[in-house]
Structures are given as structure tokens and as C-alpha cells.
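> I have a structure I would like to understand better, so I am pasting it below and will then ask my questions one at a time.
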Amino acid sequence: MSNAPSSFSNLPTVSVAEARRAETVGREVVVHGWVRTRRDSKAGFSFLEINDGSCFGNVQVIADRGLANYESELKRLGPGASVTVAGAVEASPGKGQATEVHATAVVVHGMADAETYPLQKKGHSFEFLRTIAHLRPRTNTFGAVARVRNCVCNAIHRFFQERGFLYVHTPLITASDCEGAGAMFQVKETVKAANGATEEFFGRPAFLTVSGQLEAETFACSLGKTYTFGPTFRAEHSNTPRHLAEFWMIEPEMAFCDLWGDMELAEGLLKRIFRDVLEQCPEDMQFFNQRIDPTVIETLEHILQSEFLRVSYTEAVAILETSGQAFEFPTAWGCDLQAEHERYLTEKHFRRPVILYDYPRSIKPFYMRVNDDGRTVRAMDVLVPKVGEIIGGSQREERLDVLESRMKEQGLNPESYWWYLDLRRYGTVPHAGFGLGLERILLFITGMQNIRDVIPFPRAPGNAEF
Ligand code: 4AD
Ligand code: MG
């Protein structure tokens, strides 16, 4: 046991999750972790609640005054201190726990000063916890978010791998603005040329990517089915609970696929994620359901049993126009839908996830396939209650001439996209894909209100401390 103090070297180390299981009763083990609370009994022993991040619950350790360091160290342990415990796992008479550990030795690695430890008391606001992002993973909420986030990522990789999708890595530094929205962070590094002049490092303006889609398309148009999973950056100055300057996006791209196949993939992926989270993180989901939003479990279970609706943008606008609802932004055909509209549709009108498709060409990027009506493009957005858009995707424009004219229409120079256009010049195929915002789906699953609380270190305007 390389990570246990040498005096325990003959004992197996178990996680707190294992130590909490009834099957572990009767075993002598070593457990590591951080103290959540200490309670002293008049009978001459102390209860320590220990957590190591392996699960939501703590394991209770009973430390007897017979232990050598009981008075000198153990009676000074408080929240945040780190310990290694050796002892016997026994059935617990206590409520809410199957087991407890009767310590034969407790090694203290580090005390946490009760005067200054920021997590001394319970019940801090999420705003305050954002100012101590380096310690907030020690709280119940952020431990649960971290485990659910991990589960979602695992589900995503497994979903695609089981279906033969190739995981490709697209560059974080790029020269092209995929979404054409101009919300890019510039990479400003320069180099000295031989003649002493200062030149741009990449010989041209370069940016942090807003999406790996364009590069992913090159792989899909060579290798069939691909997906990316990485960070993306947007210099949007929208300081909202749903926007980050750095967020993680999953972007599948499929050759020989149309918009309907794209929708099917999106629905399949989301359902797989929801199913895995319910199955694999029951304790964490119970916590979110009890403490954050009492509808999250029921909502996910309901979604697993129903089909996502598919509704055209035109139908959606008609619904909004006749809703009798007073929106801050009035709707008319051609307008971009605001969060309030998306929420009305999913929360009030349909009461479930909806896939909206065929949006006006004027409000969507150049790469989306133009429909025969000439007014709309083969776009699809997946909208969910409370969060709004979690997926944006489309069938791609595979016709060279149409794509070139769309670029010009949007003020882009086709020459700088020569490589992207080559995919249409040589062996073009119908293809489609989408982008799923990882933090958006985490908001939906957990019921957390602010996107800054579902990513370890949020990047937002004025915010890059950690
Ligand atoms: O709709 P978007 O902009 O689509 C694309 O980037 C396409 N290139 C994707 C593709 O077809 N391959 O972004 C996709 C998703 C959104 O639906 C949303 O979930 C998330 O990314 N997203 C953000 N999440 C957090 N903060 C932001 N600022 C976000 N902007 C988009
Ligand atoms: Mg979008």
C-alpha cells in the first residue's frame, strides 16, 4: 500500500465509498480523507466524519482516547484537516449509515486552522464559494457536481465509441471564425523577423477557437463518423448565468447524414447521458433533487420515456405569436429566439425538450444547408426546460456554389476558407453534426442555477483568478 503510512502497510486501502458498504464490514482497512466534522462523546471518544470525494456520503470514524495522539492531535481535528485512518469496519447502529470505522490508528497529515479555514461553517452562498474555487470541491455540492460531470463525460465517450465514431482533436488556435459571430479571443504573440521587424507569431491573426466544427468536417469527410470533445472560447460580453468565456463542447460530425439523422443522434446521446447519470450517480442526484431543484430526477426519468418533439421554427414562431404572453422581445418570423421564448416553448407550451429546425437563413452561420424555399436553413437546436438551448447543429451546405455565395452574403472571404471549400470540390457528401455544451447539459441535469457552478474554474468577464 504505497500511499499509506508504513506502519499500516499490511492493510488494504479502501475508498470512503467502499468503507461505507455493508459488504466491507469485518475487514481491517486503511481510509484516507478530509475531516468534515468532529464530535466528542463524554464517554471518552470522538466521532470523525471523513470524506475523500469517492462518494457523496462520509464515513464515520470512531477514535478512542486510548489512541496515542488522541489528546495531542485528534481532539484538535476540525473541518478541513487531512487524515489516514486504520481500523476495523463494523456495522453501525447509527442512522443513515451501514458502517463505521473503529480506528486503531489515525495519522494526521495536516491540520486546518479553525480561525481561518474558509469552509469552517456550512451553508455558504454559491457566490462566496466562487471566490474560493480552490476549496469549493470540498463541499457537498461541488463534490456532487464534479462526480456528475465525470459521469457525463464518460457516458459521452462510451456512446460515441460504441457506435464507431472516431475521436478527433481539433486545434484550439485557429485563423477561422466558425460561427461568423466575431466573438473570438485573439492570440497576440509576436516574433522578431530576420530584418528586426515584429511579426505575428502565426504570420496572420490567430484566435482561440469558438468551435472545432470546420476542422472536424475535414475528418468526417474522410473517415465518416467523428466527434470532438474539448474546450472552446467565446469573447461574448454576455454576463449571464448561461454563458462562459471558456466552455467544453462535444461536436459529432457524420458524413452521409442529413438533418433527421442528426436529430436522432442528438436525442440518443442525451438519453444515454441521462440514463447513465441516474444509474451511476444516485446519491448525488438525490442530493440535487433534495437541495437544489426538487424536479430534476422526475424530469430526467420522464424524458427517458418520451420522444423529443420536432417542431419547425416557423411553427414555433406561430405558437409564440398567438400565446398571449407578454415577452420582453416581441417575436416575428425572422427574429432570433431569446431565452424567454425558448423557455416558454419548453416549460409552458410543450413541457418537454423540443428540437426546433429550419431556421431563417439570415440568423444562422454560412455553413448550414439552404433549404429549397431559399428562406430557411437546415439548422436544429435542442431546447430544454429551464436552460433553453443545449445543442446547436445543422446539416452542412455541401454544394460548392451555394456555400461560396453564402460566405459572401455574410461578409466572409471564400479564399480564406479554401481548404473548407475543397471538401465540396472533391468528393462532396451530405453531412451533418452538432455541438453539445457540456456545462449547459450539467445545468439541466443538476438543477444548478449558474453555469459558473458546474465548471471547476469558470472563465467569465472579469474572472480568471484561479
Ligand atoms: O450553437 P453553437 O454556437 O454551435 C456551434 O458552435 C456549432 N459549430 C456546433 C456544431 O454544429 N458543430 O454552440 C453549441 C452549443 C450551444 O448549444 C450551447 O450548449 C453551447 O454550445 N454554448 C455555450 N455554453 C456556454 N457558454 C457559452 N458562451 C456558450 N455558447 C454556446
Ligand atoms: Mg446556437
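So you can find residues: chains in the C-alpha cells are A, B, ... in the order shown, residues in each start at 1, and ligands are numbered from 1 in order.
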List every residue of segment 100-219 of chain A that DSSP, applied to the backbone of this structure, places in helix (DSSP H, G or I), and write the result as a tab-separated table (two decimals) with N, CA, C and O atoms, in the first residue's frame.

chain	number	residue	atom	x	y	z
A	126	PHE	N	-23.33	30.25	-3.06
A	126	PHE	CA	-22.54	29.87	-4.22
A	126	PHE	C	-21.67	31.04	-4.68
A	126	PHE	O	-20.58	30.85	-5.19
A	127	GLU	N	-22.14	32.26	-4.49
A	127	GLU	CA	-21.34	33.45	-4.86
A	127	GLU	C	-20.05	33.46	-4.04
A	127	GLU	O	-18.97	33.65	-4.58
A	128	PHE	N	-20.17	33.23	-2.74
A	128	PHE	CA	-18.97	33.21	-1.91
A	128	PHE	C	-18.05	32.06	-2.33
A	128	PHE	O	-16.83	32.24	-2.45
A	129	LEU	N	-18.63	30.90	-2.58
A	129	LEU	CA	-17.80	29.74	-2.91
A	129	LEU	C	-17.02	29.97	-4.21
A	129	LEU	O	-15.93	29.43	-4.38
A	130	ARG	N	-17.57	30.79	-5.12
A	130	ARG	CA	-16.82	31.09	-6.35
A	130	ARG	C	-15.53	31.84	-6.04
A	130	ARG	O	-14.57	31.75	-6.79
A	136	ARG	N	-13.74	24.92	-2.98
A	136	ARG	CA	-15.16	24.52	-3.06
A	136	ARG	C	-15.39	23.06	-3.45
A	136	ARG	O	-16.43	22.52	-3.11
A	137	PRO	N	-14.40	22.37	-4.12
A	137	PRO	CA	-14.65	20.94	-4.35
A	137	PRO	C	-14.78	20.14	-3.05
A	137	PRO	O	-15.20	18.99	-3.07
A	138	ARG	N	-14.45	20.73	-1.92
A	138	ARG	CA	-14.60	20.02	-0.64
A	138	ARG	C	-16.01	20.12	-0.08
A	138	ARG	O	-16.29	19.55	0.97
A	140	ASN	N	-20.23	19.57	-0.28
A	140	ASN	CA	-21.15	18.56	-0.82
A	140	ASN	C	-21.55	18.87	-2.24
A	140	ASN	O	-21.53	18.01	-3.12
A	141	THR	N	-21.95	20.12	-2.48
A	141	THR	CA	-22.48	20.48	-3.80
A	141	THR	C	-21.41	20.30	-4.89
A	141	THR	O	-21.69	19.72	-5.94
A	142	PHE	N	-20.22	20.82	-4.64
A	142	PHE	CA	-19.24	20.79	-5.71
A	142	PHE	C	-18.60	19.41	-5.89
A	142	PHE	O	-18.18	19.07	-7.00
A	143	GLY	N	-18.60	18.62	-4.83
A	143	GLY	CA	-18.20	17.22	-4.99
A	143	GLY	C	-19.20	16.51	-5.89
A	143	GLY	O	-18.83	15.79	-6.82
A	144	ALA	N	-20.48	16.74	-5.64
A	144	ALA	CA	-21.53	16.10	-6.44
A	144	ALA	C	-21.47	16.56	-7.89
A	144	ALA	O	-21.58	15.76	-8.82
A	145	VAL	N	-21.26	17.86	-8.10
A	145	VAL	CA	-21.16	18.37	-9.48
A	145	VAL	C	-19.97	17.71	-10.19
A	145	VAL	O	-20.08	17.27	-11.34
A	146	ALA	N	-18.85	17.59	-9.49
A	146	ALA	CA	-17.65	17.02	-10.11
A	146	ALA	C	-17.88	15.56	-10.50
A	146	ALA	O	-17.47	15.11	-11.57
A	147	ARG	N	-18.56	14.81	-9.64
A	147	ARG	CA	-18.81	13.40	-9.97
A	147	ARG	C	-19.81	13.26	-11.11
A	147	ARG	O	-19.64	12.42	-12.01
A	148	VAL	N	-20.85	14.09	-11.13
A	148	VAL	CA	-21.82	14.02	-12.22
A	148	VAL	C	-21.16	14.45	-13.54
A	148	VAL	O	-21.36	13.84	-14.59
A	149	ARG	N	-20.33	15.47	-13.47
A	149	ARG	CA	-19.62	15.93	-14.68
A	149	ARG	C	-18.75	14.80	-15.23
A	149	ARG	O	-18.74	14.53	-16.44
A	150	ASN	N	-18.06	14.11	-14.35
A	150	ASN	CA	-17.23	12.98	-14.77
A	150	ASN	C	-18.09	11.88	-15.41
A	150	ASN	O	-17.73	11.32	-16.45
A	151	CYS	N	-19.23	11.60	-14.82
A	151	CYS	CA	-20.12	10.56	-15.33
A	151	CYS	C	-20.64	10.93	-16.73
A	151	CYS	O	-20.70	10.10	-17.63
A	152	VAL	N	-20.98	12.21	-16.90
A	152	VAL	CA	-21.48	12.68	-18.20
A	152	VAL	C	-20.40	12.51	-19.27
A	152	VAL	O	-20.65	12.02	-20.37
A	153	CYS	N	-19.16	12.88	-18.93
A	153	CYS	CA	-18.06	12.78	-19.91
A	153	CYS	C	-17.83	11.32	-20.29
A	153	CYS	O	-17.64	11.00	-21.47
A	154	ASN	N	-17.86	10.46	-19.31
A	154	ASN	CA	-17.68	9.04	-19.58
A	154	ASN	C	-18.80	8.51	-20.48
A	154	ASN	O	-18.54	7.79	-21.44
A	155	ALA	N	-20.03	8.90	-20.19
A	155	ALA	CA	-21.17	8.45	-21.00
A	155	ALA	C	-21.02	8.92	-22.44
A	155	ALA	O	-21.33	8.18	-23.38
A	156	ILE	N	-20.55	10.14	-22.62
A	156	ILE	CA	-20.39	10.69	-23.98
A	156	ILE	C	-19.36	9.88	-24.77
A	156	ILE	O	-19.62	9.45	-25.90
A	157	HIS	N	-18.20	9.67	-24.17
A	157	HIS	CA	-17.18	8.89	-24.87
A	157	HIS	C	-17.69	7.49	-25.19
A	157	HIS	O	-17.51	6.99	-26.29
A	158	ARG	N	-18.32	6.87	-24.22
A	158	ARG	CA	-18.79	5.49	-24.45
A	158	ARG	C	-19.86	5.44	-25.53
A	158	ARG	O	-19.86	4.55	-26.37
A	159	PHE	N	-20.77	6.40	-25.51
A	159	PHE	CA	-21.83	6.45	-26.52
A	159	PHE	C	-21.22	6.47	-27.92
A	159	PHE	O	-21.59	5.67	-28.79
A	160	PHE	N	-20.27	7.37	-28.13
A	160	PHE	CA	-19.70	7.50	-29.47
A	160	PHE	C	-18.80	6.32	-29.82
A	160	PHE	O	-18.83	5.80	-30.94
A	161	GLN	N	-18.00	5.88	-28.86
A	161	GLN	CA	-17.09	4.76	-29.16
A	161	GLN	C	-17.88	3.50	-29.51
A	161	GLN	O	-17.51	2.78	-30.42
A	162	GLU	N	-18.98	3.26	-28.79
A	162	GLU	CA	-19.79	2.07	-29.07
A	162	GLU	C	-20.42	2.13	-30.45
A	162	GLU	O	-20.78	1.10	-31.03
A	213	GLN	N	-15.75	22.67	-35.31
A	213	GLN	CA	-16.56	22.08	-36.39
A	213	GLN	C	-15.88	22.04	-37.75
A	213	GLN	O	-15.88	21.02	-38.43
A	214	LEU	N	-15.33	23.17	-38.19
A	214	LEU	CA	-14.82	23.21	-39.57
A	214	LEU	C	-13.70	22.19	-39.76
A	214	LEU	O	-13.67	21.47	-40.76
A	215	GLU	N	-12.81	22.12	-38.78
A	215	GLU	CA	-11.74	21.13	-38.87
A	215	GLU	C	-12.29	19.71	-38.71
A	215	GLU	O	-11.82	18.78	-39.37
A	216	ALA	N	-13.30	19.56	-37.85
A	216	ALA	CA	-13.90	18.23	-37.67
A	216	ALA	C	-14.55	17.76	-38.98
A	216	ALA	O	-14.51	16.57	-39.31
A	217	GLU	N	-15.11	18.68	-39.73
A	217	GLU	CA	-15.73	18.30	-41.01
A	217	GLU	C	-14.71	17.66	-41.94
A	217	GLU	O	-15.04	16.77	-42.72
A	218	THR	N	-13.47	18.14	-41.89
A	218	THR	CA	-12.46	17.56	-42.79
A	218	THR	C	-12.24	16.09	-42.46
A	218	THR	O	-12.06	15.27	-43.35
A	219	PHE	N	-12.27	15.77	-41.18
A	219	PHE	CA	-12.09	14.36	-40.80
A	219	PHE	C	-13.33	13.52	-41.11
A	219	PHE	O	-13.22	12.39	-41.56
> Please, which residues of segment 136-263 of chain A, numbered as in this document, come out strand (DSSP E) from DSSP, as number ranges by chain?
A: 166-167, 173-174, 186-187, 190-192, 198-200, 206-208, 225-233, 246-255
> Measuring between only C-alpha atoms, which one of A:Ala206, A:Arg65, A:Asp52, A:Val101 shows the shortest distance to Val25 of chain A?
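Of all the options, A:Val101 lies closest to Val25 of chain A.
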> What's around Val370 of chain A at 10 Å? Count only C-alpha atoms, leave out sequence neighbours fewer than 5 positions away in its own chain, and write the answer as an MDAnalysis selection string.
chainID A and resid 358:361 375:379 395:399 402:403 406
> Counting only C-alpha atoms and all ligand atoms, what are the residues, protein, DNA or RNA alike, that approach ligand 1 to within 8 Å? I want them as a PyMOL selection string.
chain A and resi 178-179+210-214+233-236+238+242-253+381-382+389-394+432-441+451
> Pick out the closest residue to Leu309 of chain A from this set: A:His109, A:His32, A:Arg425, A:Arg352. Count only C-alpha atoms.
A:Arg352
> Which residues come within 10 Å of Trp260 of chain A, counting only C-alpha atoms, excluding same-chain residues fewer than 2 positions away, as a list of chain:residue names?
A:Cys257, A:Asp258, A:Asp262, A:Met263, A:Glu264, A:Leu265, A:Ala266, A:Arg310, A:Tyr357, A:Arg378, A:Met380, A:Ser394, A:Gln395, A:Ala432
> Using only C-alpha atoms, which residues sit within 7 Å of Val296 of chain A once same-chain residues fewer than 4 positions away are excluded, as a short mmCIF file (atom, residue, chain, number, x, y, z; two decimals) with C-alpha atoms, in the first residue's frame?

data_model
loop_
_atom_site.label_atom_id
_atom_site.label_comp_id
_atom_site.auth_asym_id
_atom_site.auth_seq_id
_atom_site.Cartn_x
_atom_site.Cartn_y
_atom_site.Cartn_z
CA ASN A 289 -33.23 16.73 -6.02
CA LEU A 300 -34.85 13.05 -16.42
CA ILE A 445 -29.17 17.61 -15.03
CA THR A 446 -28.25 19.10 -11.66
CA GLY A 447 -30.73 21.96 -11.49
#
> Considering only C-alpha atoms and all ligand atoms, state which residue in the set A:Gln280, A:Ser312, A:Ser92, A:Gln338 is at the smallest distance from ligand 2.
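Smallest distance to ligand 2 is found for A:Gln338.
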> Tell me, as a list in words, which residues lie within 9 Å of His349 of chain A, counting only C-alpha atoms; anything in the same chain fewer than 5 positions away does not count.
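Once the adjacent positions are removed, what remains is Ile319, Ser323, Arg343 and Tyr344 of chain A.
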> Pull N, CA, C and O atoms from the residues just selected and write them as a short mmCIF file (atom, residue, chain, number, x, y, z; two decimals), in the first residue's frame.

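part-v1.cif written:
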data_model
loop_
_atom_site.label_atom_id
_atom_site.label_comp_id
_atom_site.auth_asym_id
_atom_site.auth_seq_id
_atom_site.Cartn_x
_atom_site.Cartn_y
_atom_site.Cartn_z
N ILE A 319 -46.67 29.75 -32.68
CA ILE A 319 -47.11 29.45 -31.31
C ILE A 319 -46.83 30.65 -30.40
O ILE A 319 -47.69 31.06 -29.60
N SER A 323 -49.52 33.20 -28.37
CA SER A 323 -49.50 32.70 -26.99
C SER A 323 -50.21 33.64 -26.02
O SER A 323 -50.58 33.24 -24.93
N ARG A 343 -37.78 29.23 -23.35
CA ARG A 343 -38.32 28.71 -22.10
C ARG A 343 -39.85 28.61 -22.15
O ARG A 343 -40.43 27.67 -21.61
N TYR A 344 -40.49 29.56 -22.80
CA TYR A 344 -41.94 29.46 -22.93
C TYR A 344 -42.32 28.17 -23.66
O TYR A 344 -43.21 27.43 -23.24
#
> Which residues, written as a PDB file with all heavy atoms, in the first residue's frame, have at least one atom at most 6 Å from segment 82-88 of chain A, with only C-alpha atoms counted and residues fewer than 5 positions away on the same chain left out?

ATOM      1  N   ARG A  27     -13.804  -6.125   7.868  1.00  0.00           N
ATOM      2  CA  ARG A  27     -12.436  -6.011   7.319  1.00  0.00           C
ATOM      3  C   ARG A  27     -11.632  -4.952   8.053  1.00  0.00           C
ATOM      4  O   ARG A  27     -12.169  -3.956   8.533  1.00  0.00           O
ATOM      5  CB  ARG A  27     -12.506  -5.661   5.827  1.00  0.00           C
ATOM      6  CG  ARG A  27     -13.004  -6.812   4.976  1.00  0.00           C
ATOM      7  CD  ARG A  27     -13.112  -6.394   3.527  1.00  0.00           C
ATOM      8  NE  ARG A  27     -11.821  -5.975   2.980  1.00  0.00           N
ATOM      9  CZ  ARG A  27     -11.688  -5.296   1.848  1.00  0.00           C
ATOM     10  NH1 ARG A  27     -12.751  -4.939   1.153  1.00  0.00           N
ATOM     11  NH2 ARG A  27     -10.479  -4.954   1.419  1.00  0.00           N
ATOM     12  N   GLU A  28     -10.313  -5.198   8.141  1.00  0.00           N
ATOM     13  CA  GLU A  28      -9.374  -4.203   8.668  1.00  0.00           C
ATOM     14  C   GLU A  28      -8.858  -3.428   7.466  1.00  0.00           C
ATOM     15  O   GLU A  28      -8.322  -4.025   6.529  1.00  0.00           O
ATOM     16  CB  GLU A  28      -8.177  -4.908   9.331  1.00  0.00           C
ATOM     17  CG  GLU A  28      -8.518  -5.726  10.539  1.00  0.00           C
ATOM     18  CD  GLU A  28      -8.301  -4.936  11.828  1.00  0.00           C
ATOM     19  OE1 GLU A  28      -7.455  -4.015  11.821  1.00  0.00           O
ATOM     20  OE2 GLU A  28      -8.994  -5.217  12.816  1.00  0.00           O
ATOM     21  N   VAL A  29      -9.026  -2.122   7.481  1.00  0.00           N
ATOM     22  CA  VAL A  29      -8.675  -1.339   6.287  1.00  0.00           C
ATOM     23  C   VAL A  29      -7.988  -0.028   6.669  1.00  0.00           C
ATOM     24  O   VAL A  29      -7.951   0.367   7.838  1.00  0.00           O
ATOM     25  CB  VAL A  29      -9.942  -0.997   5.452  1.00  0.00           C
ATOM     26  CG1 VAL A  29     -10.648  -2.255   4.961  1.00  0.00           C
ATOM     27  CG2 VAL A  29     -10.885  -0.115   6.256  1.00  0.00           C
ATOM     28  N   VAL A  30      -7.498   0.619   5.632  1.00  0.00           N
ATOM     29  CA  VAL A  30      -6.969   1.974   5.748  1.00  0.00           C
ATOM     30  C   VAL A  30      -7.865   2.877   4.909  1.00  0.00           C
ATOM     31  O   VAL A  30      -8.244   2.516   3.793  1.00  0.00           O
ATOM     32  CB  VAL A  30      -5.513   2.041   5.228  1.00  0.00           C
ATOM     33  CG1 VAL A  30      -5.063   3.484   5.056  1.00  0.00           C
ATOM     34  CG2 VAL A  30      -4.575   1.298   6.165  1.00  0.00           C
ATOM     35  N   VAL A  31      -8.246   4.031   5.450  1.00  0.00           N
ATOM     36  CA  VAL A  31      -9.054   5.016   4.707  1.00  0.00           C
ATOM     37  C   VAL A  31      -8.362   6.370   4.818  1.00  0.00           C
ATOM     38  O   VAL A  31      -7.907   6.748   5.901  1.00  0.00           O
ATOM     39  CB  VAL A  31     -10.478   5.176   5.311  1.00  0.00           C
ATOM     40  CG1 VAL A  31     -11.379   5.962   4.366  1.00  0.00           C
ATOM     41  CG2 VAL A  31     -11.098   3.839   5.634  1.00  0.00           C
ATOM     42  N   HIS A  32      -8.298   7.085   3.711  1.00  0.00           N
ATOM     43  CA  HIS A  32      -7.755   8.449   3.719  1.00  0.00           C
ATOM     44  C   HIS A  32      -8.887   9.453   3.519  1.00  0.00           C
ATOM     45  O   HIS A  32      -9.893   9.117   2.880  1.00  0.00           O
ATOM     46  CB  HIS A  32      -6.796   8.675   2.547  1.00  0.00           C
ATOM     47  CG  HIS A  32      -5.710   7.667   2.432  1.00  0.00           C
ATOM     48  ND1 HIS A  32      -4.655   7.598   3.289  1.00  0.00           N
ATOM     49  CD2 HIS A  32      -5.516   6.680   1.514  1.00  0.00           C
ATOM     50  CE1 HIS A  32      -3.842   6.607   2.907  1.00  0.00           C
ATOM     51  NE2 HIS A  32      -4.352   6.039   1.842  1.00  0.00           N
ATOM     52  N   GLY A  33      -8.681  10.677   3.963  1.00  0.00           N
ATOM     53  CA  GLY A  33      -9.687  11.692   3.640  1.00  0.00           C
ATOM     54  C   GLY A  33      -9.511  12.968   4.425  1.00  0.00           C
ATOM     55  O   GLY A  33      -8.510  13.162   5.132  1.00  0.00           O
ATOM     56  N   TRP A  34     -10.499  13.839   4.244  1.00  0.00           N
ATOM     57  CA  TRP A  34     -10.522  15.120   4.939  1.00  0.00           C
ATOM     58  C   TRP A  34     -11.670  15.116   5.936  1.00  0.00           C
ATOM     59  O   TRP A  34     -12.763  14.611   5.636  1.00  0.00           O
ATOM     60  CB  TRP A  34     -10.707  16.267   3.944  1.00  0.00           C
ATOM     61  CG  TRP A  34      -9.481  16.487   3.121  1.00  0.00           C
ATOM     62  CD1 TRP A  34      -8.474  17.354   3.379  1.00  0.00           C
ATOM     63  CD2 TRP A  34      -9.123  15.796   1.912  1.00  0.00           C
ATOM     64  NE1 TRP A  34      -7.504  17.247   2.411  1.00  0.00           N
ATOM     65  CE2 TRP A  34      -7.876  16.306   1.510  1.00  0.00           C
ATOM     66  CE3 TRP A  34      -9.714  14.786   1.158  1.00  0.00           C
ATOM     67  CZ2 TRP A  34      -7.221  15.852   0.370  1.00  0.00           C
ATOM     68  CZ3 TRP A  34      -9.075  14.324   0.021  1.00  0.00           C
ATOM     69  CH2 TRP A  34      -7.841  14.862  -0.358  1.00  0.00           C
ATOM     70  N   VAL A 101     -16.030   3.031  11.115  1.00  0.00           N
ATOM     71  CA  VAL A 101     -14.672   2.503  11.252  1.00  0.00           C
ATOM     72  C   VAL A 101     -14.190   2.735  12.678  1.00  0.00           C
ATOM     73  O   VAL A 101     -14.195   3.876  13.156  1.00  0.00           O
ATOM     74  CB  VAL A 101     -13.706   3.189  10.254  1.00  0.00           C
ATOM     75  CG1 VAL A 101     -12.280   2.660  10.447  1.00  0.00           C
ATOM     76  CG2 VAL A 101     -14.171   2.969   8.821  1.00  0.00           C
ATOM     77  N   HIS A 102     -13.799   1.651  13.332  1.00  0.00           N
ATOM     78  CA  HIS A 102     -13.247   1.778  14.683  1.00  0.00           C
ATOM     79  C   HIS A 102     -11.726   1.890  14.547  1.00  0.00           C
ATOM     80  O   HIS A 102     -11.062   0.916  14.197  1.00  0.00           O
ATOM     81  CB  HIS A 102     -13.655   0.572  15.534  1.00  0.00           C
ATOM     82  CG  HIS A 102     -15.130   0.584  15.842  1.00  0.00           C
ATOM     83  ND1 HIS A 102     -15.622   0.456  17.115  1.00  0.00           N
ATOM     84  CD2 HIS A 102     -16.205   0.739  15.036  1.00  0.00           C
ATOM     85  CE1 HIS A 102     -16.956   0.526  17.086  1.00  0.00           C
ATOM     86  NE2 HIS A 102     -17.322   0.700  15.824  1.00  0.00           N
ATOM     87  N   ALA A 103     -11.204   3.086  14.786  1.00  0.00           N
ATOM     88  CA  ALA A 103      -9.805   3.358  14.471  1.00  0.00           C
ATOM     89  C   ALA A 103      -8.858   2.667  15.432  1.00  0.00           C
ATOM     90  O   ALA A 103      -9.067   2.677  16.646  1.00  0.00           O
ATOM     91  CB  ALA A 103      -9.568   4.862  14.494  1.00  0.00           C
ATOM     92  N   THR A 104      -7.799   2.061  14.861  1.00  0.00           N
ATOM     93  CA  THR A 104      -6.707   1.560  15.685  1.00  0.00           C
ATOM     94  C   THR A 104      -5.531   2.526  15.607  1.00  0.00           C
ATOM     95  O   THR A 104      -4.629   2.481  16.442  1.00  0.00           O
ATOM     96  CB  THR A 104      -6.262   0.160  15.223  1.00  0.00           C
ATOM     97  OG1 THR A 104      -6.048   0.207  13.808  1.00  0.00           O
ATOM     98  CG2 THR A 104      -7.331  -0.870  15.526  1.00  0.00           C
ATOM     99  N   ALA A 105      -5.542   3.380  14.602  1.00  0.00           N
ATOM    100  CA  ALA A 105      -4.520   4.425  14.487  1.00  0.00           C
ATOM    101  C   ALA A 105      -5.053   5.514  13.566  1.00  0.00           C
ATOM    102  O   ALA A 105      -5.782   5.226  12.609  1.00  0.00           O
ATOM    103  CB  ALA A 105      -3.225   3.861  13.917  1.00  0.00           C
ATOM    104  N   VAL A 106      -4.723   6.753  13.868  1.00  0.00           N
ATOM    105  CA  VAL A 106      -5.084   7.874  12.993  1.00  0.00           C
ATOM    106  C   VAL A 106      -3.834   8.718  12.798  1.00  0.00           C
ATOM    107  O   VAL A 106      -3.260   9.203  13.777  1.00  0.00           O
ATOM    108  CB  VAL A 106      -6.207   8.749  13.597  1.00  0.00           C
ATOM    109  CG1 VAL A 106      -6.530   9.923  12.664  1.00  0.00           C
ATOM    110  CG2 VAL A 106      -7.460   7.924  13.874  1.00  0.00           C
ATOM    111  N   VAL A 107      -3.410   8.846  11.548  1.00  0.00           N
ATOM    112  CA  VAL A 107      -2.267   9.715  11.248  1.00  0.00           C
ATOM    113  C   VAL A 107      -2.824  11.049  10.747  1.00  0.00           C
ATOM    114  O   VAL A 107      -3.687  11.063   9.870  1.00  0.00           O
ATOM    115  CB  VAL A 107      -1.375   9.091  10.152  1.00  0.00           C
ATOM    116  CG1 VAL A 107      -0.283  10.068   9.724  1.00  0.00           C
ATOM    117  CG2 VAL A 107      -0.778   7.781  10.650  1.00  0.00           C
ATOM    118  N   VAL A 108      -2.354  12.135  11.346  1.00  0.00           N
ATOM    119  CA  VAL A 108      -2.805  13.459  10.888  1.00  0.00           C
ATOM    120  C   VAL A 108      -1.752  14.007   9.926  1.00  0.00           C
ATOM    121  O   VAL A 108      -0.584  14.137  10.288  1.00  0.00           O
ATOM    122  CB  VAL A 108      -2.981  14.409  12.089  1.00  0.00           C
ATOM    123  CG1 VAL A 108      -3.399  15.797  11.608  1.00  0.00           C
ATOM    124  CG2 VAL A 108      -4.012  13.840  13.063  1.00  0.00           C
ATOM    125  N   HIS A 109      -2.165  14.303   8.718  1.00  0.00           N
ATOM    126  CA  HIS A 109      -1.227  14.853   7.726  1.00  0.00           C
ATOM    127  C   HIS A 109      -1.153  16.368   7.825  1.00  0.00           C
ATOM    128  O   HIS A 109      -0.091  16.959   7.727  1.00  0.00           O
ATOM    129  CB  HIS A 109      -1.650  14.469   6.303  1.00  0.00           C
ATOM    130  CG  HIS A 109      -1.703  13.009   6.087  1.00  0.00           C
ATOM    131  ND1 HIS A 109      -0.587  12.242   5.905  1.00  0.00           N
ATOM    132  CD2 HIS A 109      -2.757  12.150   6.059  1.00  0.00           C
ATOM    133  CE1 HIS A 109      -0.946  10.980   5.757  1.00  0.00           C
ATOM    134  NE2 HIS A 109      -2.255  10.898   5.848  1.00  0.00           N
ATOM    135  N   GLY A 110      -2.319  16.995   7.975  1.00  0.00           N
ATOM    136  CA  GLY A 110      -2.331  18.450   8.020  1.00  0.00           C
ATOM    137  C   GLY A 110      -3.540  18.950   8.783  1.00  0.00           C
ATOM    138  O   GLY A 110      -4.663  18.535   8.526  1.00  0.00           O
TER     139      GLY A 110
END
> What is the distance between atom CA of Asp422 of chain A and atom CA of Gly203 of chain A, in Å to one decimal?
22.4 Å
> So which one's closest to Arg204 of chain A, A:Leu48, A:Leu400, A:Val187, A:Met368? Using only C-alpha atoms, please.
A:Val187
> Which residue gives the smallest distance to ligand 2 among A:Glu71, A:Glu465, A:Asp401, A:Asp336, with only C-alpha atoms and all ligand atoms counted?
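Of A:Glu71, A:Glu465, A:Asp401, A:Asp336, the one nearest ligand 2 is A:Asp336, counting only C-alpha atoms and all ligand atoms.
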> Hey, can you check how far atom CA of Ile292 of chain A sits from atom CA of Lys122 of chain A?
15.4 Å
> In Å, rounded to a single decimal, give me how far atom CA of Leu67 of chain A is from atom CA of Met111 of chain A.
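That distance, rounded to one decimal, is 17.6 Å.
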